[in-house]
>>> print(open('work_7.pdb').read())   # PDB, C-alpha atoms and all ligand atoms
ATOM      1  CA  MET A   1     127.553 -40.989 143.483
ATOM      2  CA  THR A   2     130.712 -38.842 143.490
ATOM      3  CA  GLU A   3     131.032 -35.693 145.640
ATOM      4  CA  ASP A   4     130.871 -33.570 142.455
ATOM      5  CA  GLU A   5     127.642 -35.276 141.373
ATOM      6  CA  ILE A   6     126.086 -34.713 144.798
ATOM      7  CA  LEU A   7     127.083 -31.021 144.892
ATOM      8  CA  SER A   8     125.730 -30.527 141.352
ATOM      9  CA  GLU A   9     122.410 -32.001 142.497
ATOM     10  CA  PHE A  10     122.336 -29.436 145.343
ATOM     11  CA  ARG A  11     123.137 -26.641 142.868
ATOM     12  CA  SER A  12     120.644 -27.858 140.242
ATOM     13  CA  VAL A  13     117.724 -27.363 142.660
ATOM     14  CA  ASP A  14     119.078 -24.158 144.260
ATOM     15  CA  ALA A  15     119.715 -26.003 147.526
ATOM     16  CA  LEU A  16     123.211 -24.583 148.051
ATOM     17  CA  LEU A  17     122.407 -21.108 149.336
ATOM     18  CA  GLU A  18     124.798 -18.179 149.701
ATOM     19  CA  GLY A  19     124.134 -15.271 152.068
ATOM     20  CA  HIS A  20     124.278 -14.883 155.853
ATOM     21  CA  PHE A  21     122.797 -17.735 157.882
ATOM     22  CA  LEU A  22     122.345 -18.337 161.601
ATOM     23  CA  LEU A  23     122.868 -22.071 162.075
ATOM     24  CA  SER A  24     121.204 -24.362 164.612
ATOM     25  CA  SER A  25     124.303 -24.254 166.839
ATOM     26  CA  GLY A  26     124.240 -20.442 167.033
ATOM     27  CA  ARG A  27     127.209 -20.175 164.682
ATOM     28  CA  HIS A  28     127.039 -18.153 161.470
ATOM     29  CA  SER A  29     127.904 -19.125 157.914
ATOM     30  CA  ALA A  30     127.910 -17.684 154.401
ATOM     31  CA  TYR A  31     126.611 -21.025 153.060
ATOM     32  CA  TYR A  32     123.530 -23.125 153.794
ATOM     33  CA  LEU A  33     122.638 -26.530 152.399
ATOM     34  CA  GLN A  34     118.862 -26.671 152.167
ATOM     35  CA  CYS A  35     118.372 -30.445 152.170
ATOM     36  CA  ALA A  36     114.583 -30.100 152.099
ATOM     37  CA  ARG A  37     114.881 -28.721 148.549
ATOM     38  CA  LEU A  38     117.273 -31.480 147.553
ATOM     39  CA  LEU A  39     114.935 -34.150 148.931
ATOM     40  CA  MET A  40     111.603 -32.651 147.764
ATOM     41  CA  ASN A  41     111.733 -34.915 144.715
ATOM     42  CA  PRO A  42     110.933 -38.456 145.913
ATOM     43  CA  GLU A  43     112.922 -40.145 143.150
ATOM     44  CA  ARG A  44     116.011 -38.096 144.034
ATOM     45  CA  ALA A  45     115.506 -38.679 147.771
ATOM     46  CA  GLY A  46     115.322 -42.423 147.170
ATOM     47  CA  ARG A  47     118.462 -42.371 145.055
ATOM     48  CA  ILE A  48     120.352 -40.419 147.729
ATOM     49  CA  ALA A  49     119.285 -42.874 150.434
ATOM     50  CA  LEU A  50     120.424 -45.834 148.321
ATOM     51  CA  ALA A  51     123.802 -44.160 147.730
ATOM     52  CA  LEU A  52     124.088 -43.630 151.500
ATOM     53  CA  THR A  53     123.452 -47.292 152.274
ATOM     54  CA  GLN A  54     126.327 -48.147 149.916
ATOM     55  CA  LYS A  55     128.682 -46.151 152.199
ATOM     56  CA  MET A  56     127.996 -48.566 155.065
ATOM     57  CA  PRO A  57     129.612 -51.967 155.479
ATOM     58  CA  ARG A  58     127.130 -54.725 154.590
ATOM     59  CA  GLU A  59     127.357 -56.331 158.065
ATOM     60  CA  LEU A  60     126.420 -53.038 159.724
ATOM     61  CA  ARG A  61     123.579 -52.435 157.254
ATOM     62  CA  ASN A  62     122.157 -55.853 158.037
ATOM     63  CA  GLU A  63     122.258 -55.190 161.792
ATOM     64  CA  ILE A  64     120.114 -52.028 161.659
ATOM     65  CA  GLN A  65     116.607 -52.690 163.026
ATOM     66  CA  ALA A  66     115.179 -49.165 162.930
ATOM     67  CA  VAL A  67     116.000 -45.686 161.662
ATOM     68  CA  ILE A  68     115.323 -42.713 163.937
ATOM     69  CA  SER A  69     115.799 -39.103 162.849
ATOM     70  CA  PRO A  70     115.706 -35.750 164.605
ATOM     71  CA  ALA A  71     112.845 -33.581 163.290
ATOM     72  CA  MET A  72     112.501 -31.645 161.109
ATOM     73  CA  GLY A  73     115.491 -31.935 158.838
ATOM     74  CA  GLY A  74     116.086 -35.655 159.388
ATOM     75  CA  LEU A  75     112.542 -36.780 158.544
ATOM     76  CA  ILE A  76     112.596 -37.252 154.777
ATOM     77  CA  ILE A  77     116.042 -38.812 154.504
ATOM     78  CA  GLY A  78     115.236 -40.988 157.555
ATOM     79  CA  HIS A  79     112.082 -42.288 155.899
ATOM     80  CA  GLU A  80     113.935 -43.028 152.653
ATOM     81  CA  MET A  81     116.692 -44.797 154.611
ATOM     82  CA  GLY A  82     114.021 -46.930 156.293
ATOM     83  CA  ARG A  83     112.760 -47.874 152.828
ATOM     84  CA  ALA A  84     116.280 -48.598 151.527
ATOM     85  CA  LEU A  85     117.160 -50.742 154.566
ATOM     86  CA  GLY A  86     113.755 -52.440 154.856
ATOM     87  CA  VAL A  87     113.116 -51.260 158.430
ATOM     88  CA  ASP A  88     110.765 -48.825 160.184
ATOM     89  CA  ALA A  89     111.626 -45.133 160.288
ATOM     90  CA  MET A  90     110.609 -43.014 163.288
ATOM     91  CA  PHE A  91     111.582 -39.578 164.540
ATOM     92  CA  VAL A  92     112.301 -37.654 167.708
ATOM     93  CA  GLU A  93     111.060 -34.082 167.991
ATOM     94  CA  ARG A  94     111.433 -31.198 170.439
ATOM     95  CA  PRO A  95     108.271 -29.107 170.824
ATOM     96  CA  ASP A  96     109.438 -28.365 174.394
ATOM     97  CA  GLY A  97     113.124 -27.982 173.529
ATOM     98  CA  VAL A  98     114.340 -31.525 174.275
ATOM     99  CA  PHE A  99     114.181 -34.389 171.744
ATOM    100  CA  GLY A 100     111.836 -37.229 172.590
ATOM    101  CA  LEU A 101     109.661 -39.875 170.910
ATOM    102  CA  ARG A 102     106.000 -38.865 170.517
ATOM    103  CA  ARG A 103     103.081 -39.924 168.259
ATOM    104  CA  GLY A 104     102.934 -43.444 169.685
ATOM    105  CA  PHE A 105     106.485 -44.330 168.574
ATOM    106  CA  THR A 106     108.140 -46.849 170.934
ATOM    107  CA  ILE A 107     111.400 -48.788 170.820
ATOM    108  CA  THR A 108     111.756 -52.373 172.040
ATOM    109  CA  PRO A 109     114.698 -52.198 174.493
ATOM    110  CA  GLY A 110     117.995 -52.976 172.758
ATOM    111  CA  THR A 111     116.728 -52.276 169.225
ATOM    112  CA  LYS A 112     119.723 -51.475 167.015
ATOM    113  CA  VAL A 113     119.149 -48.011 165.594
ATOM    114  CA  LEU A 114     120.611 -45.889 162.817
ATOM    115  CA  MET A 115     120.348 -42.195 163.805
ATOM    116  CA  MET A 116     119.792 -40.351 160.545
ATOM    117  CA  GLU A 117     120.352 -36.606 160.005
ATOM    118  CA  ASP A 118     120.201 -34.353 156.977
ATOM    119  CA  VAL A 119     123.151 -32.122 157.931
ATOM    120  CA  VAL A 120     125.799 -32.361 160.666
ATOM    121  CA  THR A 121     127.682 -29.142 161.422
ATOM    122  CA  THR A 122     128.824 -29.174 165.073
ATOM    123  CA  GLY A 123     127.115 -32.517 165.811
ATOM    124  CA  LEU A 124     125.081 -30.978 168.646
ATOM    125  CA  SER A 125     121.677 -32.045 167.267
ATOM    126  CA  SER A 126     122.980 -35.523 166.420
ATOM    127  CA  ARG A 127     124.367 -36.053 169.916
ATOM    128  CA  GLU A 128     121.087 -34.827 171.442
ATOM    129  CA  ALA A 129     119.096 -37.162 169.192
ATOM    130  CA  ILE A 130     121.361 -40.121 170.037
ATOM    131  CA  ALA A 131     120.925 -39.389 173.765
ATOM    132  CA  ALA A 132     117.130 -39.285 173.333
ATOM    133  CA  ILE A 133     117.089 -42.594 171.443
ATOM    134  CA  GLU A 134     119.284 -44.270 174.076
ATOM    135  CA  ALA A 135     117.068 -42.832 176.852
ATOM    136  CA  ALA A 136     114.068 -44.438 175.134
ATOM    137  CA  GLY A 137     115.796 -47.855 175.173
ATOM    138  CA  GLY A 138     117.341 -47.897 171.690
ATOM    139  CA  HIS A 139     120.947 -48.863 170.989
ATOM    140  CA  VAL A 140     122.420 -46.473 168.414
ATOM    141  CA  ILE A 141     124.969 -48.475 166.400
ATOM    142  CA  ALA A 142     125.640 -45.876 163.691
ATOM    143  CA  ALA A 143     124.813 -42.392 162.461
ATOM    144  CA  GLY A 144     124.251 -41.186 158.921
ATOM    145  CA  ALA A 145     123.781 -37.821 157.236
ATOM    146  CA  VAL A 146     123.473 -36.451 153.730
ATOM    147  CA  VAL A 147     126.097 -33.797 154.532
ATOM    148  CA  ASP A 148     128.876 -33.619 157.113
ATOM    149  CA  ARG A 149     129.834 -29.945 157.254
ATOM    150  CA  SER A 150     132.583 -30.685 159.799
ATOM    151  CA  ALA A 151     134.765 -32.216 157.064
ATOM    152  CA  GLY A 152     135.145 -35.382 159.098
ATOM    153  CA  THR A 153     136.162 -33.766 162.398
ATOM    154  CA  VAL A 154     132.946 -34.309 164.378
ATOM    155  CA  ASP A 155     132.763 -37.102 166.972
ATOM    156  CA  LEU A 156     129.261 -38.534 167.443
ATOM    157  CA  GLY A 157     130.436 -41.441 169.602
ATOM    158  CA  VAL A 158     129.280 -44.012 167.008
ATOM    159  CA  PRO A 159     130.479 -44.836 163.476
ATOM    160  CA  PHE A 160     129.320 -41.995 161.215
ATOM    161  CA  PHE A 161     128.478 -42.358 157.513
ATOM    162  CA  PRO A 162     127.854 -39.087 155.645
ATOM    163  CA  LEU A 163     127.189 -39.076 151.906
ATOM    164  CA  ILE A 164     129.398 -36.025 151.438
ATOM    165  CA  GLN A 165     131.895 -34.130 153.627
ATOM    166  CA  LEU A 166     132.300 -30.379 153.200
ATOM    167  CA  ASN A 167     134.244 -27.676 154.960
ATOM    168  CA  PHE A 168     132.265 -24.436 154.789
ATOM    169  CA  PRO A 169     133.584 -22.054 157.469
ATOM    170  CA  THR A 170     131.338 -21.153 160.407
ATOM    171  CA  TYR A 171     131.810 -18.253 162.823
ATOM    172  CA  ALA A 172     130.895 -17.427 166.425
ATOM    173  CA  PRO A 173     128.646 -14.310 166.631
ATOM    174  CA  ASP A 174     131.565 -12.204 167.942
ATOM    175  CA  GLU A 175     133.992 -13.221 165.204
ATOM    176  CA  LEU A 176     132.013 -12.456 162.046
ATOM    177  CA  PRO A 177     133.989 -11.416 158.975
ATOM    178  CA  PRO A 178     133.058  -7.872 157.790
ATOM    179  CA  GLU A 179     130.920  -9.060 154.848
ATOM    180  CA  LEU A 180     128.690 -11.076 157.222
ATOM    181  CA  ALA A 181     128.700  -8.444 160.000
ATOM    182  CA  ALA A 182     127.287  -5.974 157.438
ATOM    183  CA  THR A 183     124.149  -8.057 156.754
ATOM    184  CA  GLU A 184     121.248  -9.436 158.796
ATOM    185  CA  ALA A 185     121.367 -13.226 159.338
ATOM    186  CA  VAL A 186     118.435 -15.446 158.325
ATOM    187  CA  LYS A 187     117.690 -18.585 160.342
ATOM    188  CA  PRO A 188     116.289 -21.339 158.124
ATOM    189  CA  GLY A 189     116.097 -24.129 160.761
ATOM    190  CA  SER A 190     113.549 -24.692 163.546
ATOM    191  CA  ARG A 191     115.634 -24.904 166.759
ATOM    192  CA  LYS A 192     114.319 -22.248 169.194
TER     193      LYS A 192
HETATM  194  O1  LIG B   1     125.276 -30.358 163.850
HETATM  195  P1  LIG B   1     124.477 -29.176 164.325
HETATM  196  O2  LIG B   1     125.354 -28.013 164.692
HETATM  197  O3  LIG B   1     123.519 -29.529 165.419
HETATM  198  O4  LIG B   1     123.644 -28.633 163.078
HETATM  199  C1  LIG B   1     122.904 -29.467 162.231
HETATM  200  C2  LIG B   1     121.438 -29.477 162.598
HETATM  201  O5  LIG B   1     120.856 -28.227 162.218
HETATM  202  C3  LIG B   1     119.715 -28.450 161.401
HETATM  203  O6  LIG B   1     118.557 -28.595 162.194
HETATM  204  P2  LIG B   1     117.837 -27.377 162.926
HETATM  205  O7  LIG B   1     118.144 -27.430 164.376
HETATM  206  O8  LIG B   1     118.152 -26.103 162.217
HETATM  207  O9  LIG B   1     116.300 -27.669 162.795
HETATM  208  P3  LIG B   1     115.456 -28.425 161.657
HETATM  209  O10 LIG B   1     115.975 -29.817 161.554
HETATM  210  O11 LIG B   1     114.081 -28.401 162.210
HETATM  211  O12 LIG B   1     115.581 -27.649 160.383
HETATM  212  C4  LIG B   1     119.998 -29.779 160.734
HETATM  213  O13 LIG B   1     118.779 -30.407 160.351
HETATM  214  C5  LIG B   1     120.682 -30.554 161.836
HETATM  215  O14 LIG B   1     119.731 -31.161 162.698
HETATM  216  O1  LIG B   2     124.193 -26.069 160.921
HETATM  217  C1  LIG B   2     123.022 -25.966 160.499
HETATM  218  O2  LIG B   2     122.086 -25.600 161.204
HETATM  219  C2  LIG B   2     122.754 -26.283 159.064
HETATM  220  C3  LIG B   2     123.667 -26.024 158.093
HETATM  221  C4  LIG B   2     123.319 -26.304 156.772
HETATM  222  O3  LIG B   2     124.098 -26.103 155.825
HETATM  223  N1  LIG B   2     122.099 -26.829 156.492
HETATM  224  C5  LIG B   2     121.226 -27.077 157.468
HETATM  225  O4  LIG B   2     120.117 -27.553 157.186
HETATM  226  N2  LIG B   2     121.549 -26.804 158.747
HETATM  227 MG    MG B   3     117.714 -30.681 162.197
END
>>> encode(input="work_7.pdb", output="structure tokens")
Amino acid sequence: MTEDEILSEFRSVDALLEGHFLLSSGRHSAYYLQCARLLMNPERAGRIALALTQKMPRELRNEIQAVISPAMGGLIIGHEMGRALGVDAMFVERPDGVFGLRRGFTITPGTKVLMMEDVVTTGLSSREAIAAIEAAGGHVIAAGAVVDRSAGTVDLGVPFFPLIQLNFPTYAPDELPPELAATEAVKPGSRK
């Protein structure tokens, strides 16, 4: 899939939102990629996961023994990546503010894990998820995401394979441009 094809899929399901958004990191943006809308169609989600596996070298793909995603955004693409790679897909979640495995999920020590996100902006959530997976005994050998909003500048400490890289500006709360400062921000994600 080309970048244009991927962006048209976002647009075709109204998943590329324009307005004033408060992002997970606390930064603000005039754009929001609502991956849940993109992935709500199972056929499309499966196709996107397959395209993502094609971004990874075959040797790396073959090494992956489990996919683990940070909830909520990472769940659907993580599950589809598990299907595409033929391995189990689990998730970490943070009802108390810190990512951890729940629901009976366990990792055999040393299991080679793909950490799978929907969107990476600052990489904060990805780094927290990687730390949680490593703390649970997993060995994160790569990260993936549908969208890298850092335009390739983020460092997750492991090889990172996004389907598409974008560079939508983000702003600290005290440096909002006038058009954003004039409107109330909405916060689509679930980080408290
Ligand atoms: O790279 P970052 O700056 O961390 O931003 C990206 C994160 O933000 C979103 O999650 P969010 O915390 O909004 O919660 P959600 O997954 O429950 O929607 C998205 O799913 C990523 O996890
Ligand atoms: O940084 C975020 O929180 C974020 C940005 C975005 O475009 N989409 C998303 O789901 N989260
Ligand atoms: Mg998330």
>>> residues_around(input="work_7.pdb", residues="segment 64-78 of chain A", least_positions_apart="4", cutoff="6 Å", atoms="all atoms listed in the file", output="PyMOL selection string")
chain A and resi 82+87-93+112-118+129
>>> resolve_selection(input="work_7.pdb", expression="the PyMOL selection byres (((not hetatm)) within 6 of (chain B and resi 2))", output="MDAnalysis selection string")
chainID A and resid 23:24 32:34 119 121
>>> resolve_selection(input="work_7.pdb", expression="the PyMOL selection byres (((chain A and resi 102) around 12) and not hetatm)", output="list in words")
Pro70, Ala71, Met90, Phe91, Val92, Glu93, Arg94, Pro95, Asp96, Val98, Phe99, Gly100, Leu101, Arg103, Gly104, Phe105, Thr106, Ile107, Ala132, Ile133 and Ala136 of chain A
>>> resolve_selection(input="work_7.pdb", expression="the PyMOL selection byres (((chain A and resi 51) around 10) and not hetatm)", output="list of chain:residue names")
A:Met1, A:Thr2, A:Ala45, A:Gly46, A:Arg47, A:Ile48, A:Ala49, A:Leu50, A:Leu52, A:Thr53, A:Gln54, A:Lys55, A:Met56, A:Met81, A:Ala84, A:Val146, A:Leu163
>>> closest_residue(input="work_7.pdb", among="A:Thr122, A:Asn62, A:Thr153, A:Asn41", to="ligand LIG 1 (chain B)", atoms="all atoms listed in the file")
A:Thr122
>>> atom_distance(input="work_7.pdb", atom1="atom CA of Glu63 of chain A", atom2="atom C2 of ligand LIG 1 (chain B)")
25.7 Å
>>> closest_residue(input="work_7.pdb", among="A:Ser125, A:Val13, A:Val120, A:Ser25", to="Arg37 of chain A", atoms="only C-alpha atoms")
A:Val13
>>> closest_residue(input="work_7.pdb", among="A:Pro188, A:Phe160, A:Glu59, A:Leu85", to="ligand MG 3 (chain B)", atoms="only C-alpha atoms and all ligand atoms")
A:Pro188
